[in-house]
Amino acid sequence: MIFSATLGGVVLAILGNVEQVSAINATAAGPVYVPGGLDCKDITRDQMVTMAPFEESVTMDDLAAAMCSIVHKNQGWITKNVYTPGGKPDTQLMTGFVLAQPESLQPQWTNVTLPASDPEGVVGVPGTNWWPYGYKVSYYNLWTFKGQASGCDNALEAVTGFDATTEYPDLTSDTDKAELLNMLRQHVDSSPILLGMSASNKLLGNSECVAALTTGWDGKTLNVTIYDNYNTARTFNLDDIWSNLESWTHLTNWDVFGGAPIGNITFPPMPAPPAPPPATSESPSITPTTTTTSTSVVATTTTTTTTTTTHGGGGGGGGGGCKRDIWGRVRCI
């Protein structure tokens with residue numbers, strides 16, 4: 001029998017140990033993102049490392065899996081919740097990131113600035129798009145820093161702003177296995193699904209929370225393509241996944257994503273980047289200054305509660321019908 005839990009129930013800690021703290025360095029990083037070019041490969045291990053309040057460095061694998069799942073389904077959802085100076089993503093300046101507070105789902109705005117240098121002197125992959133780093137810092141301040149357990153459901157709620165449910169199957173139950181098979185076939189291409197692998201799983205090593213991307217069905221066998229965090233997409237037979245599985249997480253109402261950002265939040269435009277000084281033959285070289293932050297320092301976070309109105313109608317997605325929720329987002333049930 002499947003045991004289901006929403007936030008407030010059992011949560012699965014998804015934190016991978018690493019040898020040292022790494023971060024994207026402001027002098028080496030690329031743009032926040034490339035329009036139309038966001039990819040799960042942007043989510044590098046370097047960008048997902050944090051330390052405090054833990055005694056050792058860990059990677060936020062649950063957040064990495066949630067972001068990969070959303071980018072694969074609708075990368076525009078990520079860019080709608082990233083606010084850049086002057087609306088230009090090719091920047092290394094302070095950028096705003098919006099996530100939802102797990103449980104309450106209230107939108108949270110966090111300004112993130114790249115560190116001028118890493119505390120350990122380790123530079124992330126040069127030229128890497130750094131939107132995952134911004135989300136990592138935001139999620140850290142929103143949830144992890146407060147001493148709350150991290151898990152697939154928490155991360156999926158934070159990135160989407162929708163309720164998430166985690167289910168814990170009985171691996172001896174053919175009924176539970178059939179439910180997972182049908183769920184993947186019906187929903188994986190439209191709504192995010194995360195798979196919680198056992199800590200001792202033999203398929204993915206330390207990746208305990210991964211995004212299910214798509215499936216292939218030949219009439220007898222279901223093959224599932226998942227993204228092995230920080231590596232690549234890999235395809236496995238459902239039987240192999242089942243024997244290494246601990247849980248799965250999905251949006252409770254199988255929501256799809258409408259056009260509004262999380263919580264229908266609105267903020268004034270970020271200030272435009274400063275204009276470069278005029279070039280002259282006698283001008284000395286100018287080294288840009290960068291405000292230094294790190295994930296051990298709580299970034300500025302603003303909680304915004306919007307005035308809401310219930311709307312009828314709506315569209316998109318599968319299930320029994322679609323409507324707009326009180327935030328103006330499309331929910332399909």
# chains A, B, ... in the order shown; residues from 1 in each chain; ligands from 1

$ residues_around --residues "Arg234 in chain A" --least-positions-apart "5" --cutoff "10 Å" --atoms "only C-alpha atoms" --output "PyMOL selection string"
chain A and resi 203-204+212-213+224-228

$ write_last_selection --atoms "N, CA and C atoms" --output "tab-separated table (two decimals), in the first residue's frame"
chain	number	residue	atom	x	y	z
A	203	LEU	N	21.78	2.29	-9.32
A	203	LEU	CA	21.67	2.87	-10.65
A	203	LEU	C	22.39	4.20	-10.77
A	204	LEU	N	22.26	5.05	-9.71
A	204	LEU	CA	22.69	6.43	-9.83
A	204	LEU	C	23.68	6.86	-8.76
A	212	ALA	N	12.16	12.66	-13.51
A	212	ALA	CA	11.71	11.79	-14.59
A	212	ALA	C	11.36	12.68	-15.77
A	213	LEU	N	11.96	12.44	-16.93
A	213	LEU	CA	11.81	13.33	-18.08
A	213	LEU	C	10.75	12.85	-19.06
A	224	VAL	N	11.98	4.39	-18.72
A	224	VAL	CA	11.87	5.73	-18.13
A	224	VAL	C	13.19	6.46	-18.30
A	225	THR	N	13.14	7.64	-18.89
A	225	THR	CA	14.33	8.47	-19.02
A	225	THR	C	14.36	9.44	-17.85
A	226	ILE	N	15.43	9.41	-17.09
A	226	ILE	CA	15.61	10.29	-15.95
A	226	ILE	C	16.89	11.09	-16.15
A	227	TYR	N	17.02	12.17	-15.38
A	227	TYR	CA	18.25	12.96	-15.47
A	227	TYR	C	19.09	12.69	-14.23
A	228	ASP	N	20.23	12.09	-14.47
A	228	ASP	CA	21.18	11.81	-13.40
A	228	ASP	C	21.86	13.13	-13.04

$ closest_residue --among "A:Thr166, A:Asn229, A:Gln47, A:Ser243" --to "Tyr135 in chain A" --atoms "only C-alpha atoms"
A:Gln47

$ closest_residue --among "A:Gln75, A:Ser104, A:Thr252, A:Gln186" --to "Val34 in chain A" --atoms "only C-alpha atoms"
A:Gln75

$ closest_residue --among "A:Leu238, A:Leu171, A:Met197, A:Met48" --to "Tyr140 in chain A" --atoms "only C-alpha atoms"
A:Met48

$ atom_distance --atom1 "CA of Asp61 in chain A" --atom2 "CA of Ala28 in chain A"
23.5 Å

$ closest_residue --among "A:Thr172, A:Ser200, A:Pro261, A:Gln92" --to "Thr128 in chain A" --atoms "only C-alpha atoms"
A:Gln92

$ select_by_dssp --residues "range 23-214 of chain A" --states "strand (DSSP E)" --output "JSON, numbers by chain"
{"A": [49, 50, 58, 59, 82, 83, 95, 96, 97, 98, 99, 100, 107, 108, 109, 110, 111, 112, 164, 165, 166, 167, 168, 193, 194, 195, 196, 197, 209, 210, 211, 212, 213, 214]}

$ closest_residue --among "A:Glu167, A:Glu157, A:Asp42, A:Asp176" --to "Trp130 in chain A" --atoms "only C-alpha atoms"
A:Asp42

$ closest_residue --among "A:Thr50, A:Asn201, A:Thr84, A:Thr91" --to "Ser138 in chain A" --atoms "only C-alpha atoms"
A:Thr50

$ atom_distance --atom1 "CA of Pro107 in chain A" --atom2 "CA of Asn264 in chain A"
8.5 Å

$ atom_distance --atom1 "CA of Ala155 in chain A" --atom2 "CA of Leu63 in chain A"
5.1 Å

$ decode --residues "range 65-142 of chain A" --atoms "C-alpha atoms" --output "tab-separated table (two decimals), in the first residue's frame"
chain	number	residue	atom	x	y	z
A	65	ALA	CA	16.08	17.64	-9.63
A	66	ALA	CA	13.13	20.02	-9.25
A	67	MET	CA	14.75	22.69	-11.41
A	68	CYS	CA	15.71	20.14	-14.08
A	69	SER	CA	12.14	18.84	-14.21
A	70	ILE	CA	10.73	22.35	-14.70
A	71	VAL	CA	13.33	23.35	-17.31
A	72	HIS	CA	12.54	20.18	-19.25
A	73	LYS	CA	8.78	20.90	-19.17
A	74	ASN	CA	8.75	24.69	-19.57
A	75	GLN	CA	11.94	26.73	-19.29
A	76	GLY	CA	9.87	29.90	-19.57
A	77	TRP	CA	8.59	29.22	-16.05
A	78	ILE	CA	12.13	29.71	-14.75
A	79	THR	CA	12.73	32.95	-16.65
A	80	LYS	CA	9.37	34.40	-15.53
A	81	ASN	CA	10.62	34.13	-11.95
A	82	VAL	CA	14.07	35.64	-12.53
A	83	TYR	CA	14.30	39.45	-12.52
A	84	THR	CA	17.47	40.86	-14.06
A	85	PRO	CA	18.84	44.42	-14.23
A	86	GLY	CA	17.20	46.20	-17.14
A	87	GLY	CA	15.49	42.94	-18.12
A	88	LYS	CA	18.72	41.70	-19.72
A	89	PRO	CA	19.81	38.18	-18.74
A	90	ASP	CA	23.42	38.68	-19.85
A	91	THR	CA	24.50	40.00	-16.48
A	92	GLN	CA	26.58	39.18	-13.43
A	93	LEU	CA	24.94	41.94	-11.37
A	94	MET	CA	22.46	41.51	-8.52
A	95	THR	CA	19.44	39.56	-9.80
A	96	GLY	CA	16.08	38.81	-8.16
A	97	PHE	CA	14.79	35.24	-7.82
A	98	VAL	CA	11.24	34.28	-6.82
A	99	LEU	CA	10.41	31.00	-5.08
A	100	ALA	CA	7.41	29.89	-3.05
A	101	GLN	CA	7.67	29.29	0.67
A	102	PRO	CA	7.10	25.55	1.16
A	103	GLU	CA	3.81	24.83	2.96
A	104	SER	CA	2.35	28.36	2.74
A	105	LEU	CA	3.27	28.75	-0.96
A	106	GLN	CA	3.65	32.51	-0.44
A	107	PRO	CA	5.98	34.07	-3.06
A	108	GLN	CA	9.41	35.06	-1.76
A	109	TRP	CA	11.77	37.47	-3.51
A	110	THR	CA	15.53	37.16	-2.93
A	111	ASN	CA	18.25	39.36	-4.42
A	112	VAL	CA	21.40	37.37	-5.21
A	113	THR	CA	24.86	38.69	-6.09
A	114	LEU	CA	27.64	36.43	-7.31
A	115	PRO	CA	30.60	36.13	-4.93
A	116	ALA	CA	33.77	37.87	-6.10
A	117	SER	CA	35.65	34.76	-5.08
A	118	ASP	CA	34.87	31.45	-3.44
A	119	PRO	CA	35.78	31.06	0.27
A	120	GLU	CA	37.75	27.92	-0.58
A	121	GLY	CA	39.31	29.39	-3.70
A	122	VAL	CA	37.45	26.95	-5.96
A	123	VAL	CA	35.97	28.45	-9.10
A	124	GLY	CA	32.93	26.92	-10.76
A	125	VAL	CA	32.80	26.02	-14.44
A	126	PRO	CA	33.84	29.20	-16.35
A	127	GLY	CA	31.14	30.67	-18.52
A	128	THR	CA	28.35	28.65	-16.90
A	129	ASN	CA	24.84	30.15	-16.82
A	130	TRP	CA	24.33	30.95	-13.14
A	131	TRP	CA	20.55	30.88	-12.66
A	132	PRO	CA	20.89	27.59	-10.70
A	133	TYR	CA	23.28	29.31	-8.27
A	134	GLY	CA	20.74	32.08	-7.73
A	135	TYR	CA	18.01	29.58	-6.99
A	136	LYS	CA	20.33	27.65	-4.66
A	137	VAL	CA	21.06	30.78	-2.60
A	138	SER	CA	17.35	31.70	-2.57
A	139	TYR	CA	16.27	28.21	-1.49
A	140	TYR	CA	18.97	28.09	1.15
A	141	ASN	CA	17.73	31.30	2.74
A	142	LEU	CA	14.09	30.38	2.27
